[in-house]
Number of protein chains: 2
Amino acid sequence: MSRPSRRVTSADVARQAGVSQTTVSFVLNDTRGQTIPEETRRRVLEAARLLDYRPRASARSLAAGRSDVVLLALPGVPISANLSRFIEELAAALAERGLSLVTHLAEGHGRSLPDLCAAVDASVVIGLVPFDEETTEALHRAGALVVLGTGDQARAELRAIGRLQAEHVIGLGRERLGYALPGEHSTQFRVQERLRGVVEACADHGLAEPIALPVPMDTIHAGATVDEWVRASVTAVCAYNDETAMAVLAGMNLRGLRAPDDIAVIGVGDVATGQVSIPPLSTVSVDFGEAGKVLAQAVADSLDGQDAPPVQSVSRPRLVQRESA
Amino acid sequence: MSRPSRRVTSADVARQAGVSQTTVSFVLNDTRGQTIPEETRRRVLEAARLLDYRPRASARSLAAGRSDVVLLALPGVPISANLSRFIEELAAALAERGLSLVTHLAEGHGRSLPDLCAAVDASVVIGLVPFDEETTEALHRAGALVVLGTGDQARAELRAIGRLQAEHVIGLGRERLGYALPGEHSTQFRVQERLRGVVEACADHGLAEPIALPVPMDTIHAGATVDEWVRASVTAVCAYNDETAMAVLAGMNLRGLRAPDDIAVIGVGDVATGQVSIPPLSTVSVDFGEAGKVLAQAVADSLDGQDAPPVQSVSRPRLVQRESA
DNA sequence: GAGCATTACTAATTCGCATTAGTAAACTCC
DNA sequence: GGAGTTTACTAATGCGAATTAGTAATGCTC
C-alpha cells in the first residue's frame, strides 16, 4: 500500500511547532534543568500528536548511549497462563517507566542470547533461569547494562517449590515419597532443582530419599511407572509439574487406584485443567502476584541508581489444595 | 561487577586489524561490489573475534535505515508447546537470514503495538492475530517496513479448525452438536471464528446450529452444562480448546456419562494432558510444521524484493484421533 | 543603571555504523 | 608507454535524536 514514505522526525515536529529540534527534544523528554513555558510545551506536544511522531529508537539510543528495551529470556517451555500474566504485568510496569519489554524464547536454535541482546540493543536482560558467569559476562559485553536472573535466587525459588510439595504430603502423614520427573528434559536445571527441594525436605524429616521416575505423557506407560512406586510402597508422589501429575493420575486410574487414598499426588503450576482432572489436582501455584511490579522497580532502580538491592523473590509458591493430596 | 567499560566499536576493530573503519564494515557485511583480499579479510575477522565485537544495533539501523529486528505479536493466551516450537523454528529460520526475532505478548496493558514497534525499531511485525487496517497503518508509521498477519487469512484458518472438528464428529454419525465456549473471553475473535467454522459445517450438512454454551473450568459447573446438552439431545461437543474439552469430559464423568458413547468430545490444540485425560482426548492439532521456514522466507523476500506473495497458510490443522471422539 | 542571574530558547556536536566518493598503486592492452 | 581498468583500500558524510555550549532578552538586586 502506501509506500512507507519518510518517517516523521523531530525536525519535522520542530518545523511544525515553530521551534528548534533541540526544544522538541527538551519538551518530549522533560529534560531537567530546562525551563519551557507552558505555551511552547503545548505547541510542541500538539505538533507531535498531529504528526503522530515517534522518536526513532535507534537514533535515540545511539545518542543517549542506552536504549529502553528490556529483554526477557524465557525458558523453552510452554508459557503457562500464570507466567503470561506475569509477563504482561511486568510489561505494564516497565511501560510506566518508559521501558519496553520484549521476550525471547530461549533454548532454541536461533541466535545466542548475547547476540540477540546486541541485535535489539537491549539495556536490560532478565532471565527466568539463572545465567552462568560466562553468559552474564557476554551479555555485558553485548551492551546489557543490567542483567537480572544471575545468582542463586532462582535456584532457591525452585527448591522452595519442591519443598512445599513435600512438606504438604509429609504433613498428610505420608512417609515414602515418589518424584515424577517429566518424560523429557528431566536433567534440566529446573527439574533437578525442584527435585532437590523434595530431597531436602525428606532428609529434614528423616525420611528416605524420594524415588524419582520419569513419567511419559501416556496412560499405559504412566501405569507401569505407578506399578514401580506401588512396589516400593510409595504413598505420595510429587510431580515436576501439573502435566506430569495428571499423567500419574491417569496411570493410577488405569490400575484402579485412587488419589489421595492410595497415593497422594501433587503437581506444580496450577494449570487450568488441574481443576477438572479426576480427581481435581492439588498443586503448588507459582504465583507471580506483585512480582511484575517489584521486578520493574528493581530494573528501573539499577538502571539509573547504581546498584539496587537484588530482587528477593520473584515467584511466590503457594499451596492449592484440591482433592488429590 | 566490571563497570560496563566502553563498548567495542568498529573503529577498535579497525585499529586492531590495522585497516580503516570502512574496511571493517565492508568485510563484516560482505558488501558486494567490494573486493577484499583474503589476507585482509582474515585479519579483520580475527580482530573482531578477538575483541568480541558486535556492531551496535542502533548505529547500524540508524545508518542503514532499517533494523533487522522482527517483532512477533502473540495473542495474550498461554503459549502451547506447539506454538513455542513454531516460534523457535521461525526464530532459527530468521536468524539464518540475519534477522532477529523477539516476541510480544499482546492484548496486555503494556504499550500499544505501534509504540512497541517503534521502541524496538522493528522492521517487520508479524501478528498471529490479524491486524485491522488502522493498526497496520499505525505500524507502518511506527517504522515497520513489512506487516504480516493482516487480511482474512487468519480468519480462514480459525474457521478451518472448527470445520475440521465438526466434520469429524459428523462423520461419526452425530447429528446434534454442542459447542463448548471457554468460560472466559468467549466473545473473542478467535473463539467466535472457530465456532463459526462449526456452524458452517453444520449448515453444509443440513444439521441444526450447534448449541454453544460456556464451560467454566470447574467440574460442578461443567456437569450442569453437560445436563443442558443432554436435554437437547446433543451427541457430540466441539470445544474451543483442549482445556475446555477436558472440562466437558470432567462434567460428563460426574454424571456418569462416557465419551464417545454418550457424547463425543473433541478439542483443539493437542495439549500434553489430553493424552492422559479420561478418556484420552481427540483433538485438532494446530501443526505449524514448516510454517516457520515459510514465514521467514516471506519476511526476507518482502524485505528486500518489493512484494512477496502473501503467505497462504501458517497453521495446518490436523485431526488427532484418540478415544473421546 | 551596572552587574549578574534567570528564562527561553538555538547552533553545533556527538553517538557508531553504512555508504559514497574518492585515491594511489598495480595491472592490462593496443 | 600512456590510457584505461581493476584492486585495495581510505576520508568524509549522513542517519536522527540527545546533549553541550552558547546567546539574546528579561528580571532582580544594591
# chains A, B, ... in the order shown; residues from 1 in each chain; ligands from 1

$ interface_residues --of "chain D" --to "chain A" --cutoff "6 Å" --atoms "only C-alpha atoms (C1' of nucleotides)" --output "PDB file with N, CA and C atoms (P, O5', C5', C4', C3', O3' and C1' of nucleotides), in the first residue's frame"
ATOM      1  P    DG D  16      16.659  10.392   9.083  1.00  0.00           P
ATOM      2  O5'  DG D  16      16.638  10.567  10.667  1.00  0.00           O
ATOM      3  C5'  DG D  16      16.238   9.481  11.462  1.00  0.00           C
ATOM      4  C4'  DG D  16      16.453   9.815  12.918  1.00  0.00           C
ATOM      5  C3'  DG D  16      15.730  11.086  13.379  1.00  0.00           C
ATOM      6  O3'  DG D  16      15.206  10.813  14.653  1.00  0.00           O
ATOM      7  C1'  DG D  16      18.004  11.250  13.885  1.00  0.00           C
ATOM      8  P    DA D  17      14.051  11.726  15.236  1.00  0.00           P
ATOM      9  O5'  DA D  17      14.667  12.083  16.652  1.00  0.00           O
ATOM     10  C5'  DA D  17      14.664  11.062  17.628  1.00  0.00           C
ATOM     11  C4'  DA D  17      15.914  11.136  18.466  1.00  0.00           C
ATOM     12  C3'  DA D  17      15.849  12.184  19.573  1.00  0.00           C
ATOM     13  O3'  DA D  17      16.046  11.540  20.806  1.00  0.00           O
ATOM     14  C1'  DA D  17      17.907  12.295  18.386  1.00  0.00           C
ATOM     15  P    DA D  18      15.775  12.288  22.166  1.00  0.00           P
ATOM     16  O5'  DA D  18      17.286  12.505  22.598  1.00  0.00           O
ATOM     17  C5'  DA D  18      18.029  11.394  23.064  1.00  0.00           C
ATOM     18  C4'  DA D  18      19.387  11.859  23.527  1.00  0.00           C
ATOM     19  C3'  DA D  18      19.352  12.826  24.711  1.00  0.00           C
ATOM     20  O3'  DA D  18      20.447  12.490  25.539  1.00  0.00           O
ATOM     21  C1'  DA D  18      20.448  13.859  22.874  1.00  0.00           C
TER      22       DA D  18
END

$ residues_around --residues "Leu177 in chain A" --least-positions-apart "2" --cutoff "10 Å" --atoms "only C-alpha atoms (C1' of nucleotides)" --output "list of chain:residue names"
A:Ala166, A:Val169, A:Ile170, A:Arg174, A:Glu175, A:Tyr179, A:Ala180, A:Val198, A:Val199, A:Cys202, A:Leu207, A:Ala208, A:Glu209, A:Pro210, A:Ile211, A:Ala212, A:Trp229, A:Ala232, A:Ser233, A:Val234, A:Thr235, A:Ala236, A:Val237, A:Cys238, A:Ile263, A:Ala264, A:Val265

$ atom_distance --atom1 "CA of Ile220 in chain B" --atom2 "CA of Leu254 in chain B"
7.8 Å

$ atom_distance --atom1 "CA of Val70 in chain A" --atom2 "CA of Val102 in chain B"
11.1 Å

$ select_by_dssp --residues "range 69-275 of chain A" --states "helix (DSSP H, G or I)" --output "PyMOL selection string"
chain A and resi 81-96+113-120+133-141+153-171+189-204+219-231+242-254+272-275

$ closest_residue --among "B:Val248, B:Ala156, B:Leu113, B:Leu28" --to "chain C" --atoms "only C-alpha atoms (C1' of nucleotides)"
B:Leu28

$ residues_around --residues "DT20 in chain D" --least-positions-apart "5" --cutoff "12 Å" --atoms "only C-alpha atoms (C1' of nucleotides)" --output "PyMOL selection string"
(chain A and resi 22) or (chain C and resi 10-14)

$ select_by_dssp --residues "range 79-308 of chain B" --states "strand (DSSP E or B)" --output "ChimeraX atom specification"
/B:79,100-105,124-127,146-148,177-182,211-215,236-239,264-268,282-287

$ write_last_selection --atoms "N, CA and C atoms" --output "short mmCIF file (atom, residue, chain, number, x, y, z; two decimals), in the first residue's frame"
data_model
loop_
_atom_site.label_atom_id
_atom_site.label_comp_id
_atom_site.auth_asym_id
_atom_site.auth_seq_id
_atom_site.Cartn_x
_atom_site.Cartn_y
_atom_site.Cartn_z
N ILE B 79 1.04 -19.89 25.86
CA ILE B 79 1.71 -20.37 24.67
C ILE B 79 1.85 -21.88 24.77
N SER B 100 16.59 -10.97 13.61
CA SER B 100 16.38 -11.38 15.00
C SER B 100 14.92 -11.31 15.38
N LEU B 101 14.44 -12.36 15.96
CA LEU B 101 13.03 -12.39 16.36
C LEU B 101 12.87 -12.12 17.84
N VAL B 102 11.98 -11.21 18.15
CA VAL B 102 11.56 -11.07 19.53
C VAL B 102 10.04 -11.14 19.55
N THR B 103 9.51 -11.52 20.67
CA THR B 103 8.07 -11.69 20.75
C THR B 103 7.47 -10.69 21.73
N HIS B 104 6.20 -10.49 21.56
CA HIS B 104 5.50 -9.57 22.45
C HIS B 104 4.15 -10.17 22.79
N LEU B 105 3.89 -10.31 24.06
CA LEU B 105 2.60 -10.81 24.50
C LEU B 105 1.62 -9.66 24.43
N VAL B 124 9.99 -5.45 10.81
CA VAL B 124 8.91 -6.35 10.42
C VAL B 124 8.05 -6.64 11.65
N VAL B 125 6.77 -6.64 11.46
CA VAL B 125 5.87 -7.04 12.53
C VAL B 125 5.00 -8.17 12.02
N ILE B 126 5.00 -9.26 12.73
CA ILE B 126 4.17 -10.38 12.35
C ILE B 126 3.12 -10.59 13.44
N GLY B 127 1.90 -10.77 13.04
CA GLY B 127 0.86 -10.99 14.03
C GLY B 127 0.22 -12.34 13.82
N VAL B 146 7.46 -4.00 6.90
CA VAL B 146 6.63 -5.11 6.50
C VAL B 146 5.70 -5.47 7.64
N VAL B 147 4.46 -5.67 7.32
CA VAL B 147 3.50 -6.09 8.33
C VAL B 147 2.77 -7.32 7.81
N LEU B 148 2.91 -8.40 8.54
CA LEU B 148 2.25 -9.64 8.13
C LEU B 148 1.16 -10.00 9.13
N LEU B 177 -25.08 -31.19 17.47
CA LEU B 177 -23.79 -30.79 18.05
C LEU B 177 -23.92 -29.70 19.10
N GLY B 178 -23.00 -29.75 20.04
CA GLY B 178 -22.86 -28.66 21.00
C GLY B 178 -21.51 -28.01 20.78
N TYR B 179 -21.37 -26.76 21.20
CA TYR B 179 -20.06 -26.12 21.13
C TYR B 179 -19.70 -25.62 22.51
N ALA B 180 -18.52 -26.01 22.98
CA ALA B 180 -18.09 -25.60 24.32
C ALA B 180 -17.22 -24.36 24.23
N LEU B 181 -17.81 -23.25 24.65
CA LEU B 181 -17.06 -21.99 24.69
C LEU B 181 -16.20 -21.98 25.94
N PRO B 182 -15.10 -21.26 25.92
CA PRO B 182 -14.31 -21.14 27.15
C PRO B 182 -15.11 -20.36 28.18
N ILE B 211 -25.32 -25.96 19.65
CA ILE B 211 -25.71 -25.26 20.87
C ILE B 211 -24.46 -24.85 21.61
N ALA B 212 -24.15 -23.58 21.55
CA ALA B 212 -22.92 -23.08 22.16
C ALA B 212 -23.17 -22.66 23.60
N LEU B 213 -22.40 -23.24 24.49
CA LEU B 213 -22.53 -22.90 25.91
C LEU B 213 -21.14 -22.71 26.51
N PRO B 214 -21.00 -21.74 27.40
CA PRO B 214 -19.71 -21.57 28.07
C PRO B 214 -19.49 -22.67 29.11
N VAL B 215 -18.27 -23.12 29.19
CA VAL B 215 -17.94 -24.18 30.17
C VAL B 215 -16.84 -23.67 31.09
N ALA B 236 -22.56 -34.82 20.37
CA ALA B 236 -21.15 -34.51 20.13
C ALA B 236 -20.89 -33.06 20.52
N VAL B 237 -19.76 -32.83 21.16
CA VAL B 237 -19.40 -31.47 21.55
C VAL B 237 -18.03 -31.12 20.98
N CYS B 238 -17.99 -30.04 20.24
CA CYS B 238 -16.72 -29.49 19.78
C CYS B 238 -16.34 -28.40 20.78
N ALA B 239 -15.13 -28.45 21.26
CA ALA B 239 -14.73 -27.47 22.25
C ALA B 239 -13.75 -26.48 21.65
N ALA B 264 -19.63 -37.52 22.07
CA ALA B 264 -18.26 -37.44 21.56
C ALA B 264 -17.73 -36.05 21.87
N VAL B 265 -16.45 -35.98 22.26
CA VAL B 265 -15.86 -34.68 22.61
C VAL B 265 -14.55 -34.49 21.85
N ILE B 266 -14.41 -33.34 21.27
CA ILE B 266 -13.17 -33.05 20.55
C ILE B 266 -12.69 -31.65 20.86
N GLY B 267 -11.39 -31.53 21.10
CA GLY B 267 -10.80 -30.24 21.47
C GLY B 267 -9.97 -29.65 20.35
N VAL B 268 -9.15 -28.69 20.71
CA VAL B 268 -8.22 -28.08 19.77
C VAL B 268 -6.92 -27.78 20.50
N SER B 282 -9.57 -36.70 21.82
CA SER B 282 -9.39 -36.43 20.39
C SER B 282 -9.31 -34.92 20.22
N THR B 283 -8.52 -34.51 19.27
CA THR B 283 -8.29 -33.07 19.18
C THR B 283 -7.85 -32.67 17.79
N VAL B 284 -7.84 -31.39 17.54
CA VAL B 284 -7.28 -30.87 16.30
C VAL B 284 -5.95 -30.23 16.65
N SER B 285 -4.89 -30.79 16.10
CA SER B 285 -3.58 -30.25 16.38
C SER B 285 -3.30 -29.15 15.38
N VAL B 286 -2.94 -28.01 15.91
CA VAL B 286 -2.60 -26.92 15.02
C VAL B 286 -1.10 -27.02 14.78
N ASP B 287 -0.80 -27.65 13.68
CA ASP B 287 0.57 -28.02 13.41
C ASP B 287 1.25 -26.94 12.60
#

$ closest_atom_pairs --of "chain C" --to "chain B" --cutoff "9 Å" --atoms "only C-alpha atoms (C1' of nucleotides)" --output "CSV"
residue,atom,partner,partner_atom,distance
C:DC15,C1',B:Ala59,CA,7.9
C:DG16,C1',B:Ala59,CA,5.0
C:DC17,C1',B:Arg60,CA,5.0
C:DA18,C1',B:Ala63,CA,5.4
C:DT19,C1',B:Ala63,CA,8.4

$ write_last_selection --atoms "C-alpha atoms (C1' of nucleotides)" --output "PDB file, in the first residue's frame"
ATOM      1  C1'  DC C  15      26.939   8.699  19.172  1.00  0.00           C
ATOM      2  C1'  DG C  16      28.736   4.180  15.730  1.00  0.00           C
ATOM      3  C1'  DC C  17      27.980   2.472  11.782  1.00  0.00           C
ATOM      4  C1'  DA C  18      26.911   2.227   6.378  1.00  0.00           C
ATOM      5  C1'  DT C  19      27.764   4.341   2.402  1.00  0.00           C
TER       6       DT C  19
END

$ residues_around --residues "DC28 in chain D" --least-positions-apart "6" --cutoff "10 Å" --atoms "only C-alpha atoms (C1' of nucleotides)" --output "ChimeraX atom specification"
/C:4-6

$ interface_residues --of "chain B" --to "chain A" --cutoff "7 Å" --atoms "only C-alpha atoms" --output "ChimeraX atom specification"
/B:4,7,54,56-59,61-62,69,77-81,84,88,91-92,95,100,102-105,108-111,116,118-121,140-143,145,217-219,243,246-247,250,272-273,275-277

$ atom_distance --atom1 "CA of Leu195 in chain B" --atom2 "CA of Gly162 in chain B"
6.0 Å

$ residues_around --residues "DT28 in chain C" --least-positions-apart "4" --cutoff "10 Å" --atoms "only C-alpha atoms (C1' of nucleotides)" --output "number ranges by chain"
D: 4-6

$ write_last_selection --atoms "C-alpha atoms (C1' of nucleotides)" --output "PDB file, in the first residue's frame"
ATOM      1  C1'  DG D   4      42.128   2.735 -19.156  1.00  0.00           C
ATOM      2  C1'  DT D   5      40.762  -0.658 -15.779  1.00  0.00           C
ATOM      3  C1'  DT D   6      40.878  -3.144 -11.704  1.00  0.00           C
TER       4       DT D   6
END

$ residues_around --residues "Pro130 in chain A" --least-positions-apart "3" --cutoff "10 Å" --atoms "only C-alpha atoms (C1' of nucleotides)" --output "PyMOL selection string"
chain A and resi 126-127+133+135-136+148-155+189-190
